[in-house]
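Printed here is work.txt (compact mmCIF, C-alpha atoms):
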# COMPACT_ATOMS: atom_id res chain seq x y z
CA LYS A 159 61.70 -30.84 -195.40
CA THR A 160 63.77 -30.80 -192.26
CA ARG A 161 63.59 -28.24 -189.46
CA SER A 162 66.52 -26.26 -188.16
CA PRO A 163 67.05 -25.92 -184.39
CA ASP A 164 65.26 -22.55 -184.55
CA GLY A 165 62.21 -24.17 -186.24
CA LYS A 166 62.91 -22.98 -189.79
CA ASN A 167 61.95 -25.36 -192.62
CA ILE A 168 65.01 -26.49 -194.57
CA LYS A 169 64.66 -27.76 -198.11
CA ASN A 170 67.10 -30.65 -198.33
CA MET A 171 65.37 -32.83 -200.91
CA LEU A 172 64.73 -32.24 -204.59
CA ILE A 173 62.52 -34.39 -206.78
CA MET A 174 63.01 -34.91 -210.49
CA LYS A 175 59.90 -36.40 -212.06
CA VAL A 176 61.51 -38.34 -214.87
CA HIS A 177 59.48 -39.22 -217.99
CA GLY A 178 59.97 -40.28 -221.58
CA GLY A 179 60.77 -36.71 -222.62
CA SER A 180 63.45 -36.15 -219.94
CA THR A 181 66.80 -35.43 -221.56
CA GLU A 182 70.39 -35.58 -220.41
CA ALA A 183 70.32 -31.77 -220.25
CA ASP A 184 67.34 -31.93 -217.85
CA ILE A 185 69.20 -34.38 -215.61
CA ILE A 186 72.38 -32.28 -215.65
CA LYS A 187 70.38 -29.16 -214.74
CA LYS A 188 68.68 -30.92 -211.79
CA VAL A 189 71.99 -32.33 -210.50
CA GLU A 190 73.55 -28.86 -210.68
CA GLU A 191 70.55 -27.44 -208.80
CA ALA A 192 71.02 -30.13 -206.13
CA GLU A 193 74.73 -29.29 -205.85
CA GLU A 194 73.94 -25.60 -205.30
CA LEU A 195 71.37 -26.44 -202.64
CA ALA A 196 73.76 -28.94 -201.03
CA GLU A 197 76.48 -26.32 -200.68
CA GLU A 198 74.05 -24.00 -198.92
CA ASN A 199 72.65 -26.77 -196.68
CA LYS A 200 76.11 -28.00 -195.68
CA GLU A 201 77.41 -24.51 -194.86
CA GLN A 202 74.34 -23.28 -192.98
CA TYR A 203 73.00 -26.45 -191.34
CA GLY A 204 75.55 -29.24 -191.74
CA LEU A 205 73.01 -31.28 -193.75
CA ASP A 206 73.31 -33.38 -196.86
CA THR A 207 70.88 -32.89 -199.74
CA VAL A 208 68.96 -35.67 -201.50
CA LEU A 209 67.98 -35.75 -205.16
CA PHE A 210 65.18 -38.23 -205.85
CA PHE A 211 64.76 -39.49 -209.43
CA ASP A 212 61.10 -40.55 -209.64
CA GLU A 213 60.35 -43.10 -212.40
CA ALA A 214 64.05 -43.13 -213.34
CA ASN A 215 63.73 -45.92 -215.91
CA THR A 216 61.22 -44.07 -218.08
CA THR A 217 63.89 -42.05 -219.92
CA ASP A 218 66.41 -43.25 -222.46
CA ALA A 219 68.91 -41.12 -220.49
CA ILE A 220 68.97 -43.89 -217.84
CA ASP A 221 72.71 -44.35 -218.45
CA LEU A 222 73.36 -40.81 -217.22
CA ILE A 223 71.26 -41.48 -214.11
CA LYS A 224 73.39 -44.60 -213.57
CA GLU A 225 76.56 -42.49 -213.85
CA VAL A 226 75.17 -40.03 -211.30
CA MET A 227 73.98 -42.64 -208.80
CA CYS A 228 76.66 -45.33 -209.10
CA ASP A 229 79.76 -43.39 -210.13
CA HIS A 230 78.90 -40.05 -208.44
CA HIS A 231 79.94 -38.31 -211.66
CA ILE A 232 78.09 -36.41 -214.36
CA ASN A 233 79.65 -36.36 -217.82
CA GLY A 234 82.96 -37.30 -216.19
CA ARG A 235 82.86 -34.54 -213.54
CA GLU A 236 82.72 -35.57 -209.90
CA ILE A 237 79.57 -34.55 -208.05
CA THR A 238 79.91 -33.03 -204.60
CA GLN A 239 79.69 -35.66 -201.84
CA ASP A 240 77.05 -33.57 -200.06
CA VAL A 241 74.42 -34.72 -202.58
CA LYS A 242 72.90 -38.17 -202.07
CA PHE A 243 70.74 -39.91 -204.67
CA ILE A 244 67.76 -42.21 -204.56
CA ALA A 245 65.44 -43.38 -207.33
CA ALA A 246 62.18 -45.17 -207.94
CA CYS A 247 61.59 -47.24 -211.05
CA ASN A 248 58.43 -48.31 -212.78
CA PRO A 249 57.86 -52.05 -212.88
CA TYR A 250 58.31 -54.23 -215.94
CA ARG A 251 54.70 -55.36 -216.04
CA LYS A 252 53.02 -56.78 -219.13
CA HIS A 253 49.48 -56.09 -220.23
CA SER A 254 47.18 -59.10 -220.03
CA ASP A 255 46.86 -61.16 -223.21
CA ASP A 256 43.28 -59.85 -223.60
CA MET A 257 44.48 -56.23 -223.39
CA ILE A 258 47.22 -56.86 -225.97
CA VAL A 259 44.61 -58.27 -228.38
CA LYS A 260 42.35 -55.22 -227.76
CA LEU A 261 45.20 -52.77 -228.34
CA GLU A 262 46.30 -54.48 -231.53
CA SER A 263 42.75 -54.68 -232.90
CA ALA A 264 41.95 -51.04 -232.06
CA GLY A 265 44.63 -49.59 -234.33
CA LEU A 266 46.11 -46.71 -232.33
CA GLY A 267 49.49 -47.09 -234.00
CA PHE A 268 49.61 -50.85 -233.50
CA TYR A 269 50.11 -51.53 -237.20
CA VAL A 270 52.85 -54.07 -236.52
CA LYS A 271 52.08 -57.05 -234.31
CA ALA A 272 53.85 -56.78 -230.95
CA ASN A 273 55.86 -59.95 -231.55
CA GLU A 274 57.19 -58.47 -234.82
CA THR A 275 58.48 -55.18 -233.39
CA GLN A 276 62.17 -54.41 -232.92
CA GLU A 277 61.58 -52.41 -229.71
CA LYS A 278 61.99 -54.92 -226.89
CA LEU A 279 63.00 -55.14 -223.27
CA GLY A 280 64.82 -58.45 -223.34
CA GLU A 281 62.35 -60.68 -225.18
CA ILE A 282 59.25 -58.62 -224.26
CA PRO A 283 57.98 -56.15 -226.87
CA LEU A 284 57.85 -52.69 -225.23
CA ARG A 285 54.28 -52.13 -226.42
CA GLN A 286 53.16 -55.09 -224.28
CA LEU A 287 54.33 -53.35 -221.11
CA VAL A 288 51.91 -51.33 -218.98
CA TYR A 289 54.60 -48.64 -218.60
CA ARG A 290 57.16 -47.62 -221.22
CA VAL A 291 60.39 -48.40 -219.38
CA PHE A 292 64.05 -48.95 -220.21
CA ASP A 293 66.21 -51.74 -218.89
CA LEU A 294 68.42 -50.72 -215.97
CA PRO A 295 72.16 -50.72 -216.60
CA PRO A 296 73.79 -53.82 -215.02
CA SER A 297 75.58 -51.80 -212.30
CA MET A 298 72.22 -50.46 -211.04
CA LYS A 299 70.50 -53.84 -210.72
CA PRO A 300 72.14 -54.83 -207.37
CA LEU A 301 70.76 -51.57 -205.89
CA VAL A 302 67.13 -52.49 -206.61
CA TYR A 303 64.77 -53.34 -203.79
CA ASP A 304 61.27 -54.43 -204.75
CA PHE A 305 58.77 -52.83 -202.38
CA GLY A 306 55.91 -54.60 -204.11
CA ARG A 307 52.82 -52.94 -205.45
CA LEU A 308 50.51 -50.49 -203.70
CA ASP A 309 46.87 -51.46 -203.67
CA ASP A 310 44.37 -49.01 -205.16
CA SER A 311 43.28 -47.56 -201.80
CA THR A 312 46.88 -46.92 -200.69
CA GLU A 313 47.92 -45.41 -204.00

Please lay out the structure from this file as structure tokens.
Amino acid sequence: KTRSPDGKNIKNMLIMKVHGGSTEADIIKKVEEAEELAEENKEQYGLDTVLFFDEANTTDAIDLIKEVMCDHHINGREITQDVKFIAACNPYRKHSDDMIVKLESAGLGFYVKANETQEKLGEIPLRQLVYRVFDLPPSMKPLVYDFGRLDDSTE
């Protein structure tokens, strides 16, 4: 939050916690909420509003997030310029070979060997990834900055 000159807290950032169940309708609703807040913030305080997509690459609606962030449109409609967008993505990190063997031997829906599955991120079977993630659209890749990994005590 930001403070106004008179000390009032101003909400100028929204967070959308994206996950595998997030739909295009959820994203549209959050963008519209950000636009409403942005109009109020611009009129009253002269501030922009930020919408943060947390774990953006965990939904299959990643193409809509790309349209929002890169094209500043949503379903073909231009988004107000008073809304800015940022996102965080989960890493493409594989389980260790030992963990993959354990998962496959435990059952838990691993009836098909990972190297036989059709669900892949490039050449990597999705079930071998620590996080279920989707590949970023090509136009988003130049926007990525790798901040590295937080250690356990920092996280």

Restricting the calculation to only C-alpha atoms: of A:Leu205, A:Ile232, A:Ala264, A:Ala219, which residue gets closest to A:Val189? A:Ile232

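Computed from the coordinates, the atom CA of A:Glu198 to atom CA of A:Ala246 distance equals 25.9 Å.
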
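Picture a line from atom CA of A:Phe292 to atom CA of A:Asp184; it runs 17.5 Å.
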
Extract, using all atoms listed in the file, all DNA, RNA and protein residues at most 12 Å from A:Glu194, discarding same-chain residues fewer than 2 positions from it, and format them as a PyMOL selection string. chain A and resi 169-170+172+187-192+196-201+206-209+237-238+240-241

Would you pick out the contacts of stretch 296-305 of chain A at 12 Å or less, using only C-alpha atoms, so that residues sharing its chain but fewer than 4 positions from it are not included, and give the list as a PDB file with C-alpha atoms, keeping the file's coordinate frame?
ATOM      1  CA  ALA A 214      64.050 -43.130-213.340  1.00  0.00           C
ATOM      2  CA  ASN A 215      63.730 -45.920-215.910  1.00  0.00           C
ATOM      3  CA  ILE A 220      68.970 -43.890-217.840  1.00  0.00           C
ATOM      4  CA  ASP A 221      72.710 -44.350-218.450  1.00  0.00           C
ATOM      5  CA  LEU A 222      73.360 -40.810-217.220  1.00  0.00           C
ATOM      6  CA  ILE A 223      71.260 -41.480-214.110  1.00  0.00           C
ATOM      7  CA  LYS A 224      73.390 -44.600-213.570  1.00  0.00           C
ATOM      8  CA  GLU A 225      76.560 -42.490-213.850  1.00  0.00           C
ATOM      9  CA  VAL A 226      75.170 -40.030-211.300  1.00  0.00           C
ATOM     10  CA  MET A 227      73.980 -42.640-208.800  1.00  0.00           C
ATOM     11  CA  CYS A 228      76.660 -45.330-209.100  1.00  0.00           C
ATOM     12  CA  ASP A 229      79.760 -43.390-210.130  1.00  0.00           C
ATOM     13  CA  PHE A 243      70.740 -39.910-204.670  1.00  0.00           C
ATOM     14  CA  ILE A 244      67.760 -42.210-204.560  1.00  0.00           C
ATOM     15  CA  ALA A 245      65.440 -43.380-207.330  1.00  0.00           C
ATOM     16  CA  ALA A 246      62.180 -45.170-207.940  1.00  0.00           C
ATOM     17  CA  CYS A 247      61.590 -47.240-211.050  1.00  0.00           C
ATOM     18  CA  ASN A 248      58.430 -48.310-212.780  1.00  0.00           C
ATOM     19  CA  PRO A 249      57.860 -52.050-212.880  1.00  0.00           C
ATOM     20  CA  TYR A 250      58.310 -54.230-215.940  1.00  0.00           C
TER      21      TYR A 250
END

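Using all atoms listed in the file for every distance, the candidate list A:Glu236, A:Asp256, A:Asp218, A:Asp309 yields A:Asp218 as the residue closest to A:Thr181.
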
When you draw a straight line from atom CA of A:Leu261 to atom CA of A:Leu294, how long is it in Å? 26.4 Å

Stretch 213-223 of chain A, all listed atoms, 5 Å padding on each side: what axis-aligned box centre and edge lengths in Å to one decimal come out, as AutoDock Vina command-line options?
--center_x 66.9 --center_y -43.4 --center_z -217.4 --size_x 23.0 --size_y 15.1 --size_z 20.1
